[in-house]
Every structure is written in C-alpha cells, then in structure tokens.
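K.L.:
Take this structure first; my questions come after.
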Amino acid sequence: MRIDGLPLLATGLALVVGSAVAVAVRWERAGRIARTGLVLACTLSVVATSAIELNRLTEAYPSWSALGGVQEDPPVPPPRAEDASGPGGRIVEITVAGRVSRMTMPAYVYLPPGYARSHERYPVIEALHGFPGSPKSWLRRLDVRRHLDQEIATGRMAPAVVVFAYQTSDPLIDTECTDLAGGPKAETFLTVDVPAAVRAGFRVRPDGAAWGLAGYSAGGFCAADLLLRHPREYAAAASLSGYASPGIKVGDGSELATHNVSWRLRHLPQPRAGLYLAYAADDPPSRRDGLTMARLARPPLSVTTAVVAHGGHSDAVWQAMEAPAFDWLSSWLARPAVTP
C-alpha cells in the first residue's frame, strides 16, 4: 500500500471517527486507565491522519520503502522528445542537473499534441506549485494535462511545452522560489538550471518572449516575483490565488524589499510584461494582495485580473482558474515557430 494513497487516508479517518465514537459512548462507564487509553487512541489517530495528509501534500514519502530510505525504482532517464506521440499531450519525466544551483531534481514536462511530428519550436510555461506540494499536485489534483489538451484542441491556447519543476530540495522547507541564505537556491534552479535543461532536451523557443510562468498559492507569488525579477527571461506570468510577499524569511531581509512584489511595484521600474492575477472573492488574503498589486501596477507592465465568486483557497478554485490562465498566457507568449 502506498503511503500517499487514498485508502490509507480513509483508514486514518475511520480510526479518528471510531475513536471519537468510543470516547462518546464509553467515557462515563470507563475507569481512569480506560479513559486514558481512549484519549491516547483518539490523539494518536488524529496525529497519524494529519501526518498522512501532510505527506500526501508534500509527497515526501510515497511508499513504505521510501520512508525507510530505500529507492524502489531506478531514476527515470531523460526521455527522447521524439518519443511523444498520440492524440493528446504527453507528460515525460526528466532529471534537471543543477549545475549552477547545485540542486539536482526531477521535473515533469508536458509535450503538446503533435510535438513528435512537427518541426516547430514551442513556447514554454514553467508551472509552479504551492506549499506544501510538488509538481505532482498539478498532475494529480489539478488534472493539468486534461486542461491543457482541451485548451489546445479548441484553439484557445497555442501548443506549448509546460514544465513542472520542484521548488525545494526538501519537501518540508518552503523556499517561495527564492535563494535562501544558507539553504536551497530555488530561484537559481528555476530561472537558470531548469530553462537550460529544457532548451537542451526539447524543441523550444529560446527567446524570453516565448517563456512564461504560472503558479497557484505560493507558486502564484513565485510567478509574479520571478517575472518582475527576470523580465528578460519571461514575458508574462499568471498568479492564481497568489500573494504579494513570500511570507518566509529569506535570510537576507529581501522578503521586505526585492522579494516583495508590492515593494518592487512601488519602488522599482516596472517591466514591459503581462501579469494575470486571479483570486476567489471569498479568499481574503489573496484577494487583498491581488487588488494591491493591480493598484500599484503602471505601464509598461500590463495587469489583468480575474475573480472566481467563491471557493476560497482550494484545488477546486485553481481547477476553475487554470484553463483561462493558460489561455491568457498563450496570448502573451510568442507562437510556435518552424525550425529551418
């Protein structure tokens, strides 16, 4: 049984409910020792179930052997791009060797329908996940491949290569896509090493006009922050329920200045780029920050806002947001170009 599977989570929830019922039914008739056992059972079931859910979000230990430090399967080698075929897009796994960041981690790449048969170079979108989370959150919980296939098939989005990379080498360390002082160099990994691996391994456009960013929650902050910090490398970014500040200590104080989107918009020249800010009306933090960023934006930065009526800060909201966000990004990025 996989640790991150729903059956184990359902078992944990059943134990929580069962122990709660036992406390309610037997408490008055139980002695001191029995009551202590009931309380202990209830507490342990809640803690275990919370740990299972946290592990599902971080995907730190997908299996029991991984928990014991055993590698079940050999690393997946970088795929040949020409292997992608079929009526829809395909997700392939690569390993990004972080020559600059010193972070070597897997990443997942969506190759659009027809990639194997074409001679075009495609625009690229780097999709950033929330915290806790991983690239698999896009693939599993947000069903991103289906959304991309649908938007490309209907013509609302131009074919593009979409990259889902890890933002931290430790699933319990929140980097907010920054180079932490004394910690993981996530910004360097995402803006230098990942693009280098994608350009080397796939048929993509190398120019910044064809590169964009998308992210939800913490990844939404990442998308906006990296766009403003690297306007030559990216033409546009879509922030879904994102924030204006990282909410962590980077270690050099930059969370209050250069890694703070509101601060940059107030104090630094704004780039010629596009920024898409989506939030739910009943998600106060991201709504507040989205309105603040939109108010501070000035030409040549162009800002588009989108509001979902309700749903809070949830997977359901991000699923509703992702297709329009990818369509908007496509309208900003350079189109696929034929390779001579």
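In the structure tokens, chains take letters A, B, ... by order of appearance, with residues numbered from 1 within each chain and ligands from 1 in the order shown.
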Near segment 270-274 of chain A, within 12 Å and counting only C-alpha atoms, which residues show up once chain neighbours fewer than 2 positions away are dropped, as a compact mmCIF listing (two decimals) with all heavy atoms, in the first residue's frame?
P.N.:
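The resulting file, result-v3.txt, is shown below:
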```txt
# COMPACT_ATOMS: atom_id res chain seq x y z
N GLY A 208 13.19 34.95 -24.59
CA GLY A 208 12.35 35.26 -23.44
C GLY A 208 10.92 35.61 -23.81
O GLY A 208 10.01 35.42 -23.00
N ALA A 209 10.70 36.09 -25.03
CA ALA A 209 9.34 36.44 -25.46
C ALA A 209 8.43 35.22 -25.52
O ALA A 209 7.20 35.36 -25.56
CB ALA A 209 9.39 37.12 -26.83
N ALA A 210 9.02 34.03 -25.53
CA ALA A 210 8.23 32.80 -25.64
C ALA A 210 8.15 32.05 -24.31
O ALA A 210 7.63 30.93 -24.27
CB ALA A 210 8.84 31.89 -26.71
N TRP A 211 8.63 32.65 -23.23
CA TRP A 211 8.65 31.96 -21.93
C TRP A 211 7.73 32.69 -20.95
O TRP A 211 7.74 33.92 -20.86
CB TRP A 211 10.07 31.93 -21.36
CG TRP A 211 10.93 30.88 -22.03
CD1 TRP A 211 11.35 30.88 -23.33
CD2 TRP A 211 11.44 29.69 -21.44
NE1 TRP A 211 12.10 29.76 -23.59
CE2 TRP A 211 12.17 29.01 -22.45
CE3 TRP A 211 11.36 29.13 -20.17
CZ2 TRP A 211 12.82 27.79 -22.21
CZ3 TRP A 211 12.00 27.92 -19.92
CH2 TRP A 211 12.72 27.26 -20.93
N GLY A 212 6.95 31.89 -20.22
CA GLY A 212 6.05 32.45 -19.22
C GLY A 212 6.04 31.61 -17.96
O GLY A 212 6.64 30.54 -17.88
N LEU A 213 5.32 32.11 -16.96
CA LEU A 213 5.24 31.46 -15.65
C LEU A 213 3.78 31.36 -15.22
O LEU A 213 2.97 32.25 -15.53
CB LEU A 213 5.99 32.28 -14.61
CG LEU A 213 7.49 32.48 -14.82
CD1 LEU A 213 7.94 33.80 -14.19
CD2 LEU A 213 8.27 31.33 -14.20
N ALA A 214 3.45 30.30 -14.52
CA ALA A 214 2.13 30.16 -13.92
C ALA A 214 2.31 29.50 -12.56
O ALA A 214 3.21 28.68 -12.37
CB ALA A 214 1.21 29.31 -14.80
N ALA A 223 5.40 33.10 -9.32
CA ALA A 223 5.25 33.53 -10.71
C ALA A 223 5.39 35.04 -10.83
O ALA A 223 6.11 35.56 -11.70
CB ALA A 223 3.90 33.06 -11.25
N ALA A 224 4.69 35.78 -9.96
CA ALA A 224 4.76 37.24 -10.01
C ALA A 224 6.15 37.75 -9.66
O ALA A 224 6.71 38.64 -10.33
CB ALA A 224 3.72 37.85 -9.09
N ASP A 225 6.74 37.18 -8.62
CA ASP A 225 8.06 37.61 -8.16
C ASP A 225 9.13 37.36 -9.22
O ASP A 225 9.94 38.24 -9.53
CB ASP A 225 8.40 36.88 -6.87
CG ASP A 225 9.71 37.35 -6.25
OD1 ASP A 225 9.91 38.57 -6.13
OD2 ASP A 225 10.54 36.49 -5.87
N LEU A 226 9.13 36.15 -9.79
CA LEU A 226 10.16 35.81 -10.78
C LEU A 226 9.99 36.63 -12.05
O LEU A 226 10.98 36.98 -12.72
CB LEU A 226 10.13 34.32 -11.09
CG LEU A 226 10.51 33.40 -9.92
CD1 LEU A 226 10.44 31.94 -10.36
CD2 LEU A 226 11.89 33.73 -9.37
N LEU A 227 8.75 36.95 -12.43
CA LEU A 227 8.54 37.79 -13.60
C LEU A 227 9.18 39.16 -13.41
O LEU A 227 9.89 39.66 -14.30
CB LEU A 227 7.05 37.95 -13.88
CG LEU A 227 6.70 38.94 -15.00
CD1 LEU A 227 7.08 38.35 -16.36
CD2 LEU A 227 5.22 39.30 -14.96
N LEU A 228 8.94 39.78 -12.25
CA LEU A 228 9.48 41.11 -12.00
C LEU A 228 10.99 41.09 -11.83
O LEU A 228 11.67 42.05 -12.18
CB LEU A 228 8.83 41.71 -10.75
CG LEU A 228 7.32 41.94 -10.83
CD1 LEU A 228 6.81 42.55 -9.53
CD2 LEU A 228 6.95 42.82 -12.01
N ARG A 229 11.52 40.00 -11.32
CA ARG A 229 12.97 39.90 -11.11
C ARG A 229 13.72 39.49 -12.37
O ARG A 229 14.91 39.76 -12.50
CB ARG A 229 13.26 38.89 -9.98
CG ARG A 229 12.82 39.39 -8.61
CD ARG A 229 13.00 38.32 -7.54
NE ARG A 229 14.39 37.91 -7.37
CZ ARG A 229 15.28 38.56 -6.63
NH1 ARG A 229 14.93 39.67 -5.98
NH2 ARG A 229 16.51 38.12 -6.50
N HIS A 230 13.03 38.84 -13.31
CA HIS A 230 13.70 38.32 -14.52
C HIS A 230 12.89 38.66 -15.77
O HIS A 230 12.47 37.77 -16.52
CB HIS A 230 13.88 36.81 -14.40
CG HIS A 230 14.68 36.38 -13.20
ND1 HIS A 230 16.05 36.31 -13.21
CD2 HIS A 230 14.28 36.02 -11.95
CE1 HIS A 230 16.48 35.91 -12.02
NE2 HIS A 230 15.43 35.74 -11.23
N PRO A 231 12.66 39.94 -16.04
CA PRO A 231 11.81 40.32 -17.19
C PRO A 231 12.43 40.00 -18.55
O PRO A 231 11.71 39.96 -19.54
CB PRO A 231 11.63 41.83 -17.00
CG PRO A 231 12.84 42.26 -16.21
CD PRO A 231 13.14 41.11 -15.29
N ARG A 232 13.74 39.77 -18.60
CA ARG A 232 14.34 39.39 -19.88
C ARG A 232 14.13 37.92 -20.18
O ARG A 232 14.16 37.51 -21.34
CB ARG A 232 15.85 39.69 -19.86
CG ARG A 232 16.18 41.19 -19.80
CD ARG A 232 17.68 41.41 -19.89
NE ARG A 232 18.02 42.83 -19.86
CZ ARG A 232 19.26 43.31 -19.93
NH1 ARG A 232 20.29 42.45 -20.05
NH2 ARG A 232 19.49 44.60 -19.89
N GLU A 233 13.93 37.13 -19.14
CA GLU A 233 13.76 35.69 -19.31
C GLU A 233 12.29 35.29 -19.49
O GLU A 233 12.00 34.22 -20.03
CB GLU A 233 14.34 34.93 -18.12
CG GLU A 233 15.86 34.87 -18.08
CD GLU A 233 16.50 36.17 -17.68
OE1 GLU A 233 15.89 36.90 -16.86
OE2 GLU A 233 17.59 36.49 -18.18
N TYR A 234 11.36 36.13 -19.02
CA TYR A 234 9.94 35.78 -19.07
C TYR A 234 9.13 36.98 -19.56
O TYR A 234 9.38 38.12 -19.15
CB TYR A 234 9.44 35.35 -17.69
CG TYR A 234 10.22 34.21 -17.10
CD1 TYR A 234 11.21 34.43 -16.14
CD2 TYR A 234 9.99 32.89 -17.51
CE1 TYR A 234 11.95 33.39 -15.60
CE2 TYR A 234 10.72 31.83 -16.97
CZ TYR A 234 11.69 32.09 -16.02
OH TYR A 234 12.42 31.05 -15.50
N ALA A 235 8.13 36.68 -20.39
CA ALA A 235 7.30 37.74 -20.95
C ALA A 235 6.02 37.97 -20.16
O ALA A 235 5.44 39.06 -20.22
CB ALA A 235 6.94 37.40 -22.40
N ALA A 236 5.55 36.96 -19.44
CA ALA A 236 4.28 37.08 -18.74
C ALA A 236 4.20 36.04 -17.62
O ALA A 236 4.92 35.04 -17.64
CB ALA A 236 3.11 36.89 -19.71
N ALA A 237 3.30 36.29 -16.67
CA ALA A 237 3.10 35.36 -15.56
C ALA A 237 1.64 35.40 -15.13
O ALA A 237 1.00 36.44 -15.15
CB ALA A 237 4.01 35.72 -14.38
N ALA A 238 1.14 34.23 -14.72
CA ALA A 238 -0.22 34.11 -14.20
C ALA A 238 -0.15 33.64 -12.76
O ALA A 238 0.41 32.57 -12.48
CB ALA A 238 -1.04 33.13 -15.04
N SER A 239 -0.70 34.43 -11.86
CA SER A 239 -0.71 34.12 -10.42
C SER A 239 -2.12 33.75 -10.01
O SER A 239 -3.04 34.58 -10.08
CB SER A 239 -0.21 35.33 -9.63
OG SER A 239 -0.38 35.13 -8.24
N VAL A 261 6.68 41.68 -3.87
CA VAL A 261 6.11 42.20 -5.11
C VAL A 261 5.58 43.62 -4.92
O VAL A 261 5.81 44.50 -5.76
CB VAL A 261 5.00 41.27 -5.64
CG1 VAL A 261 4.33 41.86 -6.87
CG2 VAL A 261 5.57 39.89 -5.96
N SER A 262 4.89 43.87 -3.83
CA SER A 262 4.36 45.22 -3.59
C SER A 262 5.49 46.25 -3.49
O SER A 262 5.39 47.35 -4.05
CB SER A 262 3.53 45.24 -2.30
OG SER A 262 2.36 44.48 -2.44
N TRP A 263 6.56 45.88 -2.79
CA TRP A 263 7.70 46.81 -2.67
C TRP A 263 8.30 47.10 -4.04
O TRP A 263 8.60 48.26 -4.35
CB TRP A 263 8.76 46.21 -1.75
CG TRP A 263 9.88 47.15 -1.44
CD1 TRP A 263 9.99 48.00 -0.39
CD2 TRP A 263 11.08 47.34 -2.23
NE1 TRP A 263 11.16 48.71 -0.45
CE2 TRP A 263 11.85 48.33 -1.58
CE3 TRP A 263 11.55 46.79 -3.42
CZ2 TRP A 263 13.08 48.76 -2.07
CZ3 TRP A 263 12.78 47.22 -3.92
CH2 TRP A 263 13.53 48.19 -3.26
N ARG A 264 8.48 46.08 -4.85
CA ARG A 264 9.07 46.28 -6.18
C ARG A 264 8.18 47.19 -7.03
O ARG A 264 8.67 48.07 -7.73
CB ARG A 264 9.28 44.94 -6.89
CG ARG A 264 10.31 44.03 -6.24
CD ARG A 264 10.58 42.82 -7.14
NE ARG A 264 11.32 43.22 -8.32
CZ ARG A 264 12.65 43.22 -8.42
NH1 ARG A 264 13.39 42.81 -7.40
NH2 ARG A 264 13.24 43.60 -9.53
N LEU A 265 6.87 46.96 -6.97
CA LEU A 265 5.96 47.78 -7.78
C LEU A 265 5.96 49.23 -7.32
O LEU A 265 5.77 50.15 -8.13
CB LEU A 265 4.55 47.21 -7.71
CG LEU A 265 4.35 45.84 -8.37
CD1 LEU A 265 2.93 45.34 -8.15
CD2 LEU A 265 4.66 45.89 -9.87
N ARG A 266 6.20 49.46 -6.03
CA ARG A 266 6.23 50.84 -5.52
C ARG A 266 7.54 51.54 -5.82
O ARG A 266 7.57 52.74 -6.09
CB ARG A 266 6.03 50.82 -3.99
CG ARG A 266 4.61 50.54 -3.54
CD ARG A 266 4.49 50.82 -2.03
NE ARG A 266 3.13 50.59 -1.56
CZ ARG A 266 2.70 49.48 -0.99
NH1 ARG A 266 3.55 48.45 -0.82
NH2 ARG A 266 1.45 49.36 -0.60
N HIS A 267 8.66 50.81 -5.77
CA HIS A 267 9.98 51.46 -5.74
C HIS A 267 10.86 51.23 -6.96
O HIS A 267 11.85 51.96 -7.12
CB HIS A 267 10.74 50.99 -4.49
CG HIS A 267 10.05 51.33 -3.20
ND1 HIS A 267 9.99 52.61 -2.69
CD2 HIS A 267 9.38 50.55 -2.32
CE1 HIS A 267 9.33 52.61 -1.55
NE2 HIS A 267 8.94 51.37 -1.30
N LEU A 268 10.56 50.26 -7.79
CA LEU A 268 11.44 49.94 -8.92
C LEU A 268 10.71 50.12 -10.24
O LEU A 268 9.47 50.04 -10.30
CB LEU A 268 11.95 48.50 -8.80
CG LEU A 268 12.80 48.18 -7.56
CD1 LEU A 268 13.20 46.71 -7.56
CD2 LEU A 268 14.03 49.08 -7.49
N TYR A 276 -1.12 38.32 -14.82
CA TYR A 276 -2.51 37.89 -14.66
C TYR A 276 -2.71 37.53 -13.19
O TYR A 276 -2.01 36.68 -12.64
CB TYR A 276 -2.75 36.68 -15.56
CG TYR A 276 -4.14 36.09 -15.58
CD1 TYR A 276 -5.09 36.54 -16.48
CD2 TYR A 276 -4.49 35.05 -14.71
CE1 TYR A 276 -6.36 35.97 -16.54
CE2 TYR A 276 -5.75 34.47 -14.76
CZ TYR A 276 -6.69 34.94 -15.68
OH TYR A 276 -7.94 34.37 -15.72
N LEU A 277 -3.68 38.19 -12.54
CA LEU A 277 -3.93 37.99 -11.13
C LEU A 277 -5.34 37.45 -10.94
O LEU A 277 -6.32 38.16 -11.20
CB LEU A 277 -3.77 39.30 -10.37
CG LEU A 277 -2.40 39.98 -10.48
CD1 LEU A 277 -2.45 41.38 -9.89
CD2 LEU A 277 -1.32 39.16 -9.79
N MET A 293 -1.65 44.59 -5.77
CA MET A 293 -0.71 44.52 -6.90
C MET A 293 -1.30 45.19 -8.14
O MET A 293 -0.60 45.90 -8.86
CB MET A 293 -0.34 43.07 -7.18
CG MET A 293 0.55 42.44 -6.11
SD MET A 293 1.10 40.75 -6.52
CE MET A 293 -0.38 39.80 -6.16
N ALA A 294 -2.60 44.97 -8.38
CA ALA A 294 -3.24 45.59 -9.54
C ALA A 294 -3.24 47.12 -9.41
O ALA A 294 -3.02 47.83 -10.41
CB ALA A 294 -4.66 45.07 -9.70
N LEU A 296 -1.06 48.97 -7.81
CA LEU A 296 0.30 49.52 -7.89
C LEU A 296 0.91 49.40 -9.29
O LEU A 296 1.93 50.04 -9.57
CB LEU A 296 1.20 48.79 -6.90
CG LEU A 296 0.89 49.00 -5.41
CD1 LEU A 296 1.78 48.11 -4.55
CD2 LEU A 296 1.08 50.46 -5.02
N ALA A 297 0.32 48.58 -10.14
CA ALA A 297 0.90 48.36 -11.47
C ALA A 297 0.80 49.62 -12.33
O ALA A 297 -0.20 50.35 -12.30
CB ALA A 297 0.21 47.20 -12.16
N ARG A 298 1.85 49.86 -13.10
CA ARG A 298 1.91 51.00 -14.02
C ARG A 298 2.50 50.53 -15.35
O ARG A 298 3.32 49.61 -15.37
CB ARG A 298 2.81 52.11 -13.45
CG ARG A 298 2.34 52.70 -12.12
CD ARG A 298 1.12 53.59 -12.31
NE ARG A 298 0.72 54.22 -11.05
CZ ARG A 298 -0.08 53.66 -10.14
NH1 ARG A 298 -0.56 52.44 -10.35
NH2 ARG A 298 -0.40 54.31 -9.04
N PRO A 299 2.13 51.18 -16.46
CA PRO A 299 2.76 50.84 -17.74
C PRO A 299 4.27 51.04 -17.64
O PRO A 299 4.73 51.92 -16.91
CB PRO A 299 2.12 51.84 -18.71
CG PRO A 299 0.81 52.20 -18.07
CD PRO A 299 1.10 52.20 -16.60
N PRO A 300 5.05 50.21 -18.32
CA PRO A 300 4.63 49.26 -19.37
C PRO A 300 4.15 47.90 -18.86
O PRO A 300 3.84 47.04 -19.65
CB PRO A 300 5.90 49.11 -20.20
CG PRO A 300 7.01 49.29 -19.21
CD PRO A 300 6.52 50.34 -18.26
N LEU A 301 4.09 47.68 -17.53
CA LEU A 301 3.53 46.44 -17.01
C LEU A 301 2.02 46.46 -17.22
O LEU A 301 1.35 47.43 -16.87
CB LEU A 301 3.84 46.28 -15.53
CG LEU A 301 3.29 45.02 -14.84
CD1 LEU A 301 3.94 43.77 -15.41
CD2 LEU A 301 3.51 45.10 -13.33
N SER A 302 1.49 45.38 -17.79
CA SER A 302 0.06 45.27 -18.03
C SER A 302 -0.52 44.21 -17.09
O SER A 302 0.00 43.10 -17.01
CB SER A 302 -0.20 44.86 -19.49
OG SER A 302 -1.58 44.64 -19.71
N VAL A 303 -1.59 44.56 -16.37
CA VAL A 303 -2.19 43.65 -15.41
C VAL A 303 -3.63 43.33 -15.80
O VAL A 303 -4.41 44.22 -16.15
CB VAL A 303 -2.16 44.24 -13.99
CG1 VAL A 303 -2.98 43.39 -13.03
CG2 VAL A 303 -0.73 44.32 -13.48
N THR A 304 -3.97 42.04 -15.75
CA THR A 304 -5.33 41.56 -15.95
C THR A 304 -5.77 40.85 -14.68
O THR A 304 -5.01 40.06 -14.12
CB THR A 304 -5.38 40.57 -17.13
OG1 THR A 304 -4.96 41.25 -18.33
CG2 THR A 304 -6.79 40.03 -17.33
N THR A 305 -6.96 41.14 -14.20
CA THR A 305 -7.47 40.47 -13.01
C THR A 305 -8.66 39.59 -13.36
O THR A 305 -9.41 39.88 -14.29
CB THR A 305 -7.89 41.48 -11.93
OG1 THR A 305 -8.89 42.36 -12.46
CG2 THR A 305 -6.70 42.29 -11.45
N ALA A 325 -6.25 30.93 -17.33
CA ALA A 325 -4.90 31.47 -17.12
C ALA A 325 -3.95 31.01 -18.23
O ALA A 325 -3.15 31.81 -18.75
CB ALA A 325 -4.37 31.03 -15.76
N TRP A 328 -4.77 32.94 -21.36
CA TRP A 328 -4.24 34.31 -21.29
C TRP A 328 -2.73 34.31 -21.52
O TRP A 328 -2.21 35.15 -22.27
CB TRP A 328 -4.57 34.90 -19.92
CG TRP A 328 -4.03 36.28 -19.73
CD1 TRP A 328 -4.64 37.47 -20.03
CD2 TRP A 328 -2.72 36.62 -19.23
NE1 TRP A 328 -3.81 38.52 -19.73
CE2 TRP A 328 -2.63 38.02 -19.23
CE3 TRP A 328 -1.65 35.87 -18.75
CZ2 TRP A 328 -1.49 38.70 -18.80
CZ3 TRP A 328 -0.52 36.54 -18.33
CH2 TRP A 328 -0.44 37.93 -18.35
N LEU A 329 -2.02 33.39 -20.88
CA LEU A 329 -0.57 33.32 -21.08
C LEU A 329 -0.23 33.11 -22.55
O LEU A 329 0.69 33.73 -23.09
CB LEU A 329 0.02 32.17 -20.25
CG LEU A 329 0.43 32.48 -18.82
CD1 LEU A 329 0.80 31.19 -18.10
CD2 LEU A 329 1.60 33.46 -18.79
N SER A 330 -0.98 32.23 -23.19
CA SER A 330 -0.73 31.94 -24.60
C SER A 330 -0.86 33.20 -25.46
O SER A 330 -0.13 33.37 -26.44
CB SER A 330 -1.69 30.86 -25.09
OG SER A 330 -1.44 30.53 -26.44
N SER A 331 -1.80 34.08 -25.09
CA SER A 331 -1.99 35.31 -25.86
C SER A 331 -0.81 36.26 -25.72
O SER A 331 -0.62 37.14 -26.57
CB SER A 331 -3.29 36.01 -25.42
OG SER A 331 -3.14 36.61 -24.14
N TRP A 332 -0.02 36.10 -24.66
CA TRP A 332 1.13 36.97 -24.44
C TRP A 332 2.43 36.41 -24.99
O TRP A 332 3.35 37.17 -25.29
CB TRP A 332 1.30 37.21 -22.93
CG TRP A 332 0.55 38.41 -22.46
CD1 TRP A 332 -0.74 38.47 -22.05
CD2 TRP A 332 1.06 39.75 -22.37
NE1 TRP A 332 -1.08 39.75 -21.71
CE2 TRP A 332 0.00 40.56 -21.89
CE3 TRP A 332 2.28 40.34 -22.65
CZ2 TRP A 332 0.14 41.93 -21.69
CZ3 TRP A 332 2.42 41.71 -22.45
CH2 TRP A 332 1.37 42.49 -21.97
N LEU A 333 2.51 35.10 -25.11
CA LEU A 333 3.77 34.49 -25.49
C LEU A 333 3.90 34.38 -27.00
O LEU A 333 2.90 34.26 -27.73
CB LEU A 333 3.90 33.10 -24.86
CG LEU A 333 3.80 33.02 -23.34
CD1 LEU A 333 4.02 31.59 -22.87
CD2 LEU A 333 4.80 33.97 -22.68
```
K.L.:
Using only C-alpha atoms, which of A:Ser217, A:Ser245, A:Ala127, A:Leu172 sits nearest Thr258 of chain A?
P.N.:
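Checking each candidate against Thr258 of chain A, we get A:Ser245 as the closest.
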K.L.:
From the options A:Thr154, A:Thr191, A:Thr104, A:Ser118, which residue's atoms come nearest to Asp170 of chain A, counting only C-alpha atoms?
P.N.:
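Nearest to Asp170 of chain A: A:Thr104.
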K.L.:
Using DSSP on the backbone, list every residue of segment 115-295 of chain A that comes out as strand (DSSP E or B), and give them as a PyMOL selection string.
P.N.:
chain A and resi 120-122+124-128+161-165+179+185+204+211-216+236-240+274-280
K.L.:
Emit the selected residues as a JSON list (two decimals), in the first residue's frame, including C-alpha atoms.
P.N.:
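selection28.json was written with the following content:
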```
[["chain", "number", "residue", "atom", "x", "y", "z"],
["A", 120, "GLU", "CA", 8.34, 23.73, -34.70],
["A", 121, "ARG", "CA", 9.94, 25.23, -31.65],
["A", 122, "TYR", "CA", 7.37, 25.82, -28.94],
["A", 124, "VAL", "CA", 7.38, 27.36, -22.71],
["A", 125, "ILE", "CA", 5.43, 27.83, -19.49],
["A", 126, "GLU", "CA", 7.02, 26.99, -16.14],
["A", 127, "ALA", "CA", 4.21, 25.92, -13.77],
["A", 128, "LEU", "CA", 4.93, 26.37, -10.06],
["A", 161, "VAL", "CA", 5.68, 22.96, -23.65],
["A", 162, "VAL", "CA", 4.80, 23.19, -19.95],
["A", 163, "VAL", "CA", 7.40, 22.38, -17.29],
["A", 164, "PHE", "CA", 6.55, 21.30, -13.74],
["A", 165, "ALA", "CA", 9.64, 21.58, -11.55],
["A", 179, "ASP", "CA", 17.62, 31.59, -2.99],
["A", 185, "LYS", "CA", 18.92, 28.06, -4.28],
["A", 204, "VAL", "CA", 11.51, 25.02, -27.68],
["A", 211, "TRP", "CA", 8.65, 31.96, -21.93],
["A", 212, "GLY", "CA", 6.05, 32.45, -19.22],
["A", 213, "LEU", "CA", 5.24, 31.46, -15.65],
["A", 214, "ALA", "CA", 2.13, 30.16, -13.92],
["A", 215, "GLY", "CA", 1.57, 29.22, -10.30],
["A", 216, "TYR", "CA", -1.06, 28.73, -7.63],
["A", 236, "ALA", "CA", 4.28, 37.08, -18.74],
["A", 237, "ALA", "CA", 3.10, 35.36, -15.56],
["A", 238, "ALA", "CA", -0.22, 34.11, -14.20],
["A", 239, "SER", "CA", -0.71, 34.12, -10.42],
["A", 240, "LEU", "CA", -3.62, 32.03, -9.15],
["A", 274, "GLY", "CA", 1.99, 40.87, -18.65],
["A", 275, "LEU", "CA", 0.73, 39.84, -15.20],
["A", 276, "TYR", "CA", -2.51, 37.89, -14.66],
["A", 277, "LEU", "CA", -3.93, 37.99, -11.13],
["A", 278, "ALA", "CA", -6.75, 35.58, -10.28],
["A", 279, "TYR", "CA", -8.35, 35.13, -6.87],
["A", 280, "ALA", "CA", -11.56, 33.98, -5.23]]
```
K.L.:
Hey, can you check how far atom CA of Ile91 of chain A sits from atom CA of Tyr110 of chain A?
P.N.:
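Atom-to-atom, atom CA of Ile91 of chain A and atom CA of Tyr110 of chain A are spaced 4.5 Å apart.
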